[in-house]
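Asker: Enclosed is the structure file target32.txt (compact mmCIF, C-alpha atoms).
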```txt
# COMPACT_ATOMS: atom_id res chain seq x y z
CA MET A 1 37.62 46.07 46.87
CA LEU A 2 39.85 48.34 44.76
CA HIS A 3 40.75 45.39 42.52
CA GLU A 4 37.05 44.62 41.99
CA ILE A 5 36.26 48.25 41.18
CA ASN A 6 39.09 48.49 38.67
CA GLU A 7 38.18 45.22 36.95
CA ALA A 8 34.55 46.30 36.58
CA VAL A 9 35.60 49.74 35.29
CA GLY A 10 37.97 48.19 32.75
CA TYR A 11 35.28 45.83 31.45
CA ILE A 12 32.72 48.62 31.07
CA GLN A 13 35.24 50.90 29.33
CA SER A 14 36.08 48.10 26.90
CA HIS A 15 32.50 48.37 25.62
CA GLY A 16 32.98 51.97 24.53
CA ILE A 17 31.69 53.57 27.71
CA THR A 18 34.01 56.45 28.50
CA GLN A 19 33.68 59.53 30.69
CA PRO A 20 29.99 59.49 31.66
CA GLU A 21 29.04 62.76 33.34
CA ILE A 22 25.92 61.77 35.26
CA GLY A 23 24.92 58.50 36.91
CA ILE A 24 21.30 57.49 37.54
CA ILE A 25 19.88 54.72 39.73
CA LEU A 26 16.34 53.72 38.72
CA GLY A 27 14.31 52.13 41.51
CA THR A 28 11.33 49.78 41.86
CA GLY A 29 8.81 50.12 39.04
CA LEU A 30 10.81 52.93 37.45
CA GLY A 31 13.06 53.12 34.44
CA ASP A 32 11.29 52.08 31.25
CA ARG A 33 10.15 55.58 30.36
CA PHE A 34 13.41 57.20 31.45
CA VAL A 35 15.55 54.74 29.51
CA LYS A 36 13.66 55.61 26.30
CA GLU A 37 15.03 59.16 26.62
CA ILE A 38 18.63 57.93 26.29
CA LYS A 39 19.97 58.29 22.73
CA ASN A 40 22.41 55.86 21.05
CA PRO A 41 22.40 53.49 24.04
CA ILE A 42 25.06 50.94 24.87
CA VAL A 43 23.52 48.25 27.08
CA ILE A 44 25.43 45.83 29.32
CA ASN A 45 23.74 43.17 31.45
CA TYR A 46 24.87 43.16 35.07
CA ASN A 47 25.63 39.45 34.93
CA SER A 48 28.42 40.07 32.42
CA ILE A 49 30.21 42.76 34.48
CA PRO A 50 32.97 41.40 36.75
CA HIS A 51 31.98 41.45 40.44
CA PHE A 52 28.55 43.00 39.85
CA PRO A 53 25.76 41.31 41.78
CA ILE A 54 22.74 40.03 39.85
CA SER A 55 19.31 41.56 40.40
CA THR A 56 17.16 38.84 41.97
CA VAL A 57 13.98 40.95 42.07
CA GLU A 58 11.94 40.29 38.93
CA PHE A 59 10.95 43.94 38.34
CA HIS A 60 14.56 45.16 38.43
CA LYS A 61 15.89 44.74 34.89
CA GLY A 62 19.59 44.39 35.74
CA LYS A 63 21.01 46.49 32.92
CA LEU A 64 23.62 49.25 32.71
CA ILE A 65 22.69 51.73 29.98
CA TYR A 66 25.04 54.39 28.62
CA GLY A 67 24.18 57.08 26.09
CA GLU A 68 23.31 60.72 25.54
CA LEU A 69 20.53 62.71 27.18
CA LYS A 70 20.09 66.48 26.86
CA GLY A 71 23.60 66.78 25.48
CA LYS A 72 25.14 64.96 28.47
CA ARG A 73 26.75 61.52 28.67
CA VAL A 74 24.73 59.51 31.17
CA ILE A 75 24.99 56.03 32.63
CA ALA A 76 21.85 54.53 34.15
CA MET A 77 21.36 51.52 36.39
CA GLN A 78 18.05 49.96 35.40
CA GLY A 79 17.58 48.06 38.63
CA ARG A 80 19.51 48.14 41.89
CA PHE A 81 20.50 45.74 44.66
CA HIS A 82 19.04 45.46 48.15
CA TYR A 83 20.18 44.21 51.54
CA TYR A 84 17.14 41.90 51.70
CA GLU A 85 18.36 40.02 48.62
CA GLY A 86 21.19 38.67 50.74
CA TYR A 87 23.95 40.92 49.40
CA ASP A 88 26.32 42.71 51.73
CA MET A 89 26.66 46.48 51.70
CA GLN A 90 29.92 46.38 49.73
CA GLN A 91 28.19 44.49 46.92
CA ILE A 92 25.12 46.74 46.98
CA THR A 93 27.21 49.89 46.58
CA LEU A 94 29.91 48.59 44.21
CA PRO A 95 28.14 50.09 41.16
CA VAL A 96 28.19 53.58 42.71
CA ARG A 97 31.93 53.36 43.26
CA VAL A 98 32.37 52.02 39.72
CA MET A 99 30.36 54.91 38.22
CA LYS A 100 32.47 57.40 40.17
CA PHE A 101 35.68 55.79 38.87
CA LEU A 102 34.23 55.93 35.35
CA GLY A 103 34.02 59.70 35.78
CA ILE A 104 30.51 60.79 36.83
CA ASP A 105 30.15 64.20 38.49
CA TYR A 106 26.60 63.74 39.82
CA LEU A 107 24.42 60.85 40.98
CA LEU A 108 20.61 60.94 40.63
CA ILE A 109 18.67 58.30 42.58
CA SER A 110 15.04 57.19 42.59
CA ASN A 111 13.08 54.74 44.68
CA ALA A 112 9.58 53.61 45.63
CA ALA A 113 8.60 54.34 49.22
CA GLY A 114 5.70 54.05 51.61
CA CYS A 115 4.11 57.39 52.56
CA MET A 116 3.79 58.02 56.29
CA ASN A 117 3.09 61.76 56.08
CA LEU A 118 -0.71 61.91 56.25
CA LYS A 119 -0.77 65.24 54.39
CA TRP A 120 0.47 63.53 51.23
CA LYS A 121 -1.09 60.96 48.89
CA LYS A 122 0.20 57.91 47.03
CA GLY A 123 1.33 58.70 43.51
CA GLU A 124 3.02 61.93 44.65
CA LEU A 125 6.77 62.51 44.69
CA MET A 126 9.04 63.30 47.62
CA LEU A 127 12.40 65.00 47.30
CA ILE A 128 14.64 63.49 49.98
CA ASP A 129 16.06 66.27 52.14
CA ASP A 130 17.58 63.99 54.79
CA HIS A 131 17.47 60.37 55.91
CA ILE A 132 17.49 58.01 58.89
CA ASN A 133 19.44 54.78 58.52
CA LEU A 134 17.91 51.78 60.32
CA GLN A 135 19.62 49.16 58.17
CA PRO A 136 21.87 46.83 60.21
CA ASP A 137 25.12 47.43 58.34
CA ASN A 138 27.08 50.23 56.70
CA PRO A 139 29.00 50.09 53.39
CA LEU A 140 31.80 52.14 54.97
CA ARG A 141 32.46 49.57 57.71
CA GLY A 142 35.82 47.81 57.48
CA GLU A 143 39.13 48.94 56.07
CA ASN A 144 39.04 52.46 54.67
CA PHE A 145 40.83 53.27 51.43
CA GLU A 146 41.83 56.94 51.26
CA VAL A 147 41.56 56.87 47.47
CA LEU A 148 37.80 56.38 47.95
CA GLY A 149 37.30 58.87 50.76
CA PRO A 150 37.99 59.75 54.42
CA ARG A 151 37.57 57.41 57.36
CA PHE A 152 34.87 59.61 58.94
CA PRO A 153 32.89 61.34 56.16
CA ASP A 154 30.66 64.26 57.10
CA MET A 155 26.91 63.75 56.64
CA SER A 156 25.57 67.16 57.65
CA ARG A 157 24.02 67.54 54.18
CA PRO A 158 23.96 64.16 52.42
CA TYR A 159 21.75 65.41 49.57
CA SER A 160 23.20 68.16 47.38
CA LYS A 161 21.71 71.59 48.08
CA LYS A 162 22.45 72.59 44.49
CA LEU A 163 20.63 69.60 42.98
CA ASN A 164 17.68 69.84 45.37
CA THR A 165 17.25 73.56 44.69
CA LEU A 166 17.29 72.94 40.94
CA LEU A 167 14.71 70.15 41.26
CA GLN A 168 12.39 72.33 43.33
CA SER A 169 12.67 75.10 40.75
CA ILE A 170 11.93 72.70 37.88
CA ALA A 171 8.95 71.21 39.74
CA LYS A 172 7.51 74.66 40.41
CA LYS A 173 7.89 75.68 36.77
CA LYS A 174 6.27 72.46 35.53
CA LYS A 175 3.56 72.54 38.22
CA ILE A 176 4.62 69.11 39.51
CA LYS A 177 3.93 68.55 43.19
CA LEU A 178 7.24 67.75 44.83
CA ASN A 179 7.03 67.21 48.57
CA LYS A 180 10.21 67.49 50.61
CA GLY A 181 10.91 65.20 53.53
CA VAL A 182 12.88 62.59 55.43
CA TYR A 183 13.38 59.02 54.17
CA VAL A 184 14.01 56.14 56.54
CA ALA A 185 15.76 53.00 55.29
CA VAL A 186 14.80 49.63 56.80
CA PRO A 187 16.10 46.13 55.97
CA GLY A 188 12.91 44.65 54.41
CA PRO A 189 11.63 42.75 52.55
CA ASN A 190 8.38 42.74 54.53
CA LEU A 191 6.30 45.89 54.78
CA GLU A 192 5.84 47.41 58.21
CA THR A 193 3.38 46.73 61.00
CA ARG A 194 1.09 49.42 62.39
CA ALA A 195 3.31 49.80 65.45
CA GLU A 196 6.41 50.14 63.26
CA TYR A 197 4.79 52.87 61.16
CA ARG A 198 3.94 54.77 64.36
CA PHE A 199 7.53 54.41 65.55
CA LEU A 200 9.01 55.56 62.22
CA ARG A 201 6.72 58.59 62.12
CA ASN A 202 7.58 59.47 65.70
CA ILE A 203 11.32 59.51 64.98
CA GLY A 204 10.79 62.01 62.18
CA ALA A 205 10.40 60.06 58.92
CA ASP A 206 7.96 60.97 56.15
CA ALA A 207 8.58 57.96 53.90
CA VAL A 208 9.99 54.47 54.36
CA GLY A 209 11.89 52.23 51.95
CA MET A 210 14.52 49.51 51.66
CA SER A 211 17.25 51.15 49.57
CA THR A 212 19.00 54.44 48.68
CA VAL A 213 20.79 55.17 51.97
CA PRO A 214 23.75 52.79 51.35
CA GLU A 215 24.28 54.38 47.92
CA VAL A 216 24.07 57.88 49.39
CA LEU A 217 26.58 56.99 52.12
CA VAL A 218 29.07 55.82 49.51
CA ALA A 219 28.44 58.85 47.27
CA ASN A 220 29.15 61.20 50.19
CA HIS A 221 32.25 59.19 51.11
CA MET A 222 33.56 59.85 47.58
CA SER A 223 32.46 63.53 47.54
CA LEU A 224 29.97 62.74 44.78
CA PRO A 225 27.00 65.18 44.83
CA CYS A 226 23.71 63.27 44.80
CA CYS A 227 19.96 63.72 45.03
CA ALA A 228 17.08 61.30 45.43
CA ILE A 229 13.35 61.31 44.73
CA SER A 230 10.88 58.81 46.20
CA VAL A 231 7.69 57.83 44.43
CA LEU A 232 5.14 57.46 47.23
CA THR A 233 3.46 54.19 46.29
CA ASP A 234 1.22 53.39 49.27
CA GLU A 235 -0.30 55.23 52.21
CA CYS A 236 0.89 54.01 55.60
CA ASP A 237 -1.62 55.29 58.13
CA PRO A 238 -1.37 53.00 61.18
CA ASP A 239 -4.90 53.94 62.25
CA ASP A 240 -6.35 52.94 58.88
CA LEU A 241 -3.82 50.52 57.41
CA LYS A 242 -4.97 48.63 54.34
CA PRO A 243 -3.23 45.53 52.94
CA VAL A 244 -1.07 46.26 49.90
CA ASP A 245 0.75 43.99 47.47
CA ILE A 246 3.65 44.57 45.12
CA SER A 247 1.45 44.77 42.01
CA GLN A 248 -0.29 47.84 43.44
CA ILE A 249 3.05 49.41 44.32
CA LEU A 250 4.38 48.81 40.80
CA ALA A 251 1.23 50.24 39.20
CA THR A 252 1.48 53.43 41.25
CA ALA A 253 5.20 53.77 40.53
CA GLY A 254 4.56 53.31 36.81
CA LYS A 255 2.04 56.16 36.72
CA ALA A 256 4.29 58.50 38.69
CA GLU A 257 7.28 57.75 36.48
CA VAL A 258 6.08 60.29 33.92
CA LYS A 259 6.60 63.18 36.35
CA LEU A 260 9.81 61.76 37.78
CA THR A 261 11.26 61.40 34.28
CA GLU A 262 10.32 65.01 33.46
CA LEU A 263 12.10 66.28 36.55
CA TYR A 264 15.30 64.28 36.05
CA VAL A 265 15.51 64.90 32.29
CA ASP A 266 15.19 68.65 32.87
CA LEU A 267 17.73 68.52 35.71
CA ILE A 268 20.26 66.74 33.49
CA GLY A 269 19.82 69.48 30.88
CA LYS A 270 20.72 72.11 33.48
CA LEU A 271 23.87 70.43 34.83
```
In structure tokens, what does this structure look like?

Answerer:
Amino acid sequence: MLHEINEAVGYIQSHGITQPEIGIILGTGLGDRFVKEIKNPIVINYNSIPHFPISTVEFHKGKLIYGELKGKRVIAMQGRFHYYEGYDMQQITLPVRVMKFLGIDYLLISNAAGCMNLKWKKGELMLIDDHINLQPDNPLRGENFEVLGPRFPDMSRPYSKKLNTLLQSIAKKKKIKLNKGVYVAVPGPNLETRAEYRFLRNIGADAVGMSTVPEVLVANHMSLPCCAISVLTDECDPDDLKPVDISQILATAGKAEVKLTELYVDLIGKL
């Protein structure tokens, strides 16, 4: 693993990408608007980076974009990897480890998620305060390398209190509704049944998705402060469950991206 990380880091650095300060992972249906904010971009396709997986989901662009935003050097993943694509957890989280080795101090994450909290509506945003991991593997399983982090990392506060407090303050100032709740990660790729939504709500989750948690586990392992915002793309009421397809999810995510971009751009300016 360390060899793969170092080879990927060396390749990226050879393209003039040095000392990024902030890493960003842009999720399903997100990224086009945010990427336009990055000045003087250097773009590298994932398929040219040693050991990087290739995005197999058509709406994940598969590009690493480096440049300046609000006076900070940022590196953004336009598209991520998922367990349901057939990748293992080491492959899914390799880019997070690579960004840390490149020098980032913070990691900002976004995703699209199903809304199970009946007080909220699709199109709103949720700041992830905590999570439940129901995915069948863990990126920290296997040999532990102390240079990456401890064998048994603490997860009492996986999402940075500092970053979450700043985001709540920005949202309040901009009058953007930012719910706060618990995200549950499932394997996917299918959406959930009515009984599964009831179960997930009963164990304390407000939103459900198929990503983010592996990346957050690895960030915490490496003592990398992170935050994550979910765009709530569909309403998951088991007593009134309507069929939904990916085009509807993408359309909702696209509309909500305006507010998400505002929040993250402002946050980057304050770091």

Asker: When distances are computed from all atoms listed in the file, which of A:Leu107, A:Val9, A:Ile92, A:Ile176 shows the smallest separation from A:Glu262?

Answerer: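 When distances to A:Glu262 are compared using all atoms listed in the file, the smallest one comes from A:Ile176.
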
Asker: Could you give me, as a ChimeraX atom specification, the residues that sit within 6 Å of (21.1, 41.2, 41.2) in the file's coordinates, counting all atoms listed in the file?

Answerer: /A:53-56,81

Asker: Figure out the distance between atom CA of A:Ser247 and atom CA of A:Asn117, please, to one decimal in Å.

Answerer: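 Those two atoms sit 22.1 Å apart.
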
Asker: Looking at A:Val35, A:Leu26, A:Leu69, A:Ile17, which one is nearest to A:Leu102, with distances taken over all atoms listed in the file?

Answerer: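 Of the candidates, the smallest distance to A:Leu102 is held by A:Ile17.
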
Asker: Identify which of the residues A:Leu166, A:Ile128, A:Met222, A:Ile12 lies closest to A:Asp154, counting only C-alpha atoms when measuring atom-to-atom distances.

Answerer: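 The answer is A:Met222, which sits nearest to A:Asp154.
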
Asker: Could you make a table, as JSON lines, of the residues of stretch 194-256 of chain A that have an atom within 8 Å of an atom of stretch 134-146 of chain A, each with its nearest atom pair and distance in Å to one decimal, counting all atoms listed in the file, in chain and number order?

Answerer:
```
{"residue": "A:Pro214", "atom": "CA", "partner": "A:Pro139", "partner_atom": "CA", "distance": 6.2}
{"residue": "A:Leu217", "atom": "CA", "partner": "A:Pro139", "partner_atom": "CA", "distance": 7.4}
{"residue": "A:Val218", "atom": "CA", "partner": "A:Pro139", "partner_atom": "CA", "distance": 6.9}
```

Asker: Taking 6 positions as the minimum chain separation for residues in the same chain, which residues sit within 9 Å of stretch 267-270 of chain A when counting all atoms listed in the file? Answer as a list of chain:residue names.

Answerer: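 Here the qualifying residues turn out to be A:Ile22, A:Leu69, A:Lys70, A:Gly71, A:Lys72, A:Val74, A:Leu163, A:Leu166, A:Leu167, A:Ile170.
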
Asker: For atom CA of A:Leu224 and atom CA of A:Glu37, quote the distance in Å rounded to one decimal.

Answerer: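 The value is 23.8 Å.
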
Asker: Enter the distance from atom CA of A:Tyr46 to atom CA of A:Arg33, in Å, rounded to one decimal.

Answerer: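 Rounded to one decimal, the two atoms are 19.8 Å apart.
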
Asker: Find the residue from A:Ala185, A:Val98, A:Ile24, A:Met77 that sits nearest to A:Leu2; use only C-alpha atoms when measuring.

Answerer: A:Val98

Asker: Between A:Leu263, A:Lys63, A:Arg151, A:Ala251, single out the one closest to A:Ile109, counting all atoms listed in the file.

Answerer: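 Of the candidates, the smallest distance to A:Ile109 is held by A:Leu263.
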
Asker: Give me the residues within 9 Å of A:Tyr159 as number ranges by chain, counting all atoms listed in the file and dropping any in the same chain fewer than 4 places off.

Answerer: A: 128-130, 155, 163-164, 216, 220, 225-228

Asker: Pick the closest to A:Leu94 from A:Thr233, A:Ser223, A:Asn40, A:Asn6: which is it, counting all atoms listed in the file?

Answerer: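 Of all the options, A:Asn6 lies closest to A:Leu94.
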
Asker: Need the shell around A:His51: protein/DNA/RNA residues with any atom at most 10 Å away, counting only C-alpha atoms. Skip same-chain ones fewer than 5 positions apart. Format as a PyMOL selection string?

Answerer: chain A and resi 1+3-5+7-8+46+91+94-95

Asker: Create the file for the chosen residues now, containing C-alpha atoms and written as a PDB file, in the coordinates of the input.

Answerer:
```
ATOM      1  CA  MET A   1      37.620  46.070  46.870  1.00  0.00           C
ATOM      2  CA  HIS A   3      40.750  45.390  42.520  1.00  0.00           C
ATOM      3  CA  GLU A   4      37.050  44.620  41.990  1.00  0.00           C
ATOM      4  CA  ILE A   5      36.260  48.250  41.180  1.00  0.00           C
ATOM      5  CA  GLU A   7      38.180  45.220  36.950  1.00  0.00           C
ATOM      6  CA  ALA A   8      34.550  46.300  36.580  1.00  0.00           C
ATOM      7  CA  TYR A  46      24.870  43.160  35.070  1.00  0.00           C
ATOM      8  CA  GLN A  91      28.190  44.490  46.920  1.00  0.00           C
ATOM      9  CA  LEU A  94      29.910  48.590  44.210  1.00  0.00           C
ATOM     10  CA  PRO A  95      28.140  50.090  41.160  1.00  0.00           C
TER      11      PRO A  95
END
```

Asker: Excluding A:Arg198 and any residue of its chain fewer than 2 positions from it, enumerate the residues within 10 Å of it, using all atoms listed in the file, and give them as a PyMOL selection string.

Answerer: chain A and resi 116+192-196+200-203+205+236-239

Asker: Would you save the residues from that selection as a PDB file, in the coordinates of the input, using C-alpha atoms?

Answerer:
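What ended up in again11.pdb:
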```pdb
ATOM      1  CA  MET A 116       3.790  58.020  56.290  1.00  0.00           C
ATOM      2  CA  GLU A 192       5.840  47.410  58.210  1.00  0.00           C
ATOM      3  CA  THR A 193       3.380  46.730  61.000  1.00  0.00           C
ATOM      4  CA  ARG A 194       1.090  49.420  62.390  1.00  0.00           C
ATOM      5  CA  ALA A 195       3.310  49.800  65.450  1.00  0.00           C
ATOM      6  CA  GLU A 196       6.410  50.140  63.260  1.00  0.00           C
ATOM      7  CA  LEU A 200       9.010  55.560  62.220  1.00  0.00           C
ATOM      8  CA  ARG A 201       6.720  58.590  62.120  1.00  0.00           C
ATOM      9  CA  ASN A 202       7.580  59.470  65.700  1.00  0.00           C
ATOM     10  CA  ILE A 203      11.320  59.510  64.980  1.00  0.00           C
ATOM     11  CA  ALA A 205      10.400  60.060  58.920  1.00  0.00           C
ATOM     12  CA  CYS A 236       0.890  54.010  55.600  1.00  0.00           C
ATOM     13  CA  ASP A 237      -1.620  55.290  58.130  1.00  0.00           C
ATOM     14  CA  PRO A 238      -1.370  53.000  61.180  1.00  0.00           C
ATOM     15  CA  ASP A 239      -4.900  53.940  62.250  1.00  0.00           C
TER      16      ASP A 239
END
```

Asker: Kindly extract all protein, DNA and RNA residues lying within 12 Å of the coordinates (32.9, 52.4, 22.8) given in the file, considering only C-alpha atoms, and supply them as JSON, numbers by chain.

Answerer: {"A": [10, 11, 12, 13, 14, 15, 16, 17, 18, 19, 20, 40, 41, 42, 43, 44, 66, 67]}

Asker: Quick one: residues within 8 Å of A:Gly209, all atoms listed in the file counted, chain neighbours fewer than 5 positions away excluded, as a ChimeraX atom specification?

Answerer: /A:111-114,183-186

Asker: Go ahead and write the selection's residues with C-alpha atoms as a compact mmCIF listing (two decimals), keeping the file's coordinate frame.

Answerer:
```
# COMPACT_ATOMS: atom_id res chain seq x y z
CA ASN A 111 13.08 54.74 44.68
CA ALA A 112 9.58 53.61 45.63
CA ALA A 113 8.60 54.34 49.22
CA GLY A 114 5.70 54.05 51.61
CA TYR A 183 13.38 59.02 54.17
CA VAL A 184 14.01 56.14 56.54
CA ALA A 185 15.76 53.00 55.29
CA VAL A 186 14.80 49.63 56.80
```
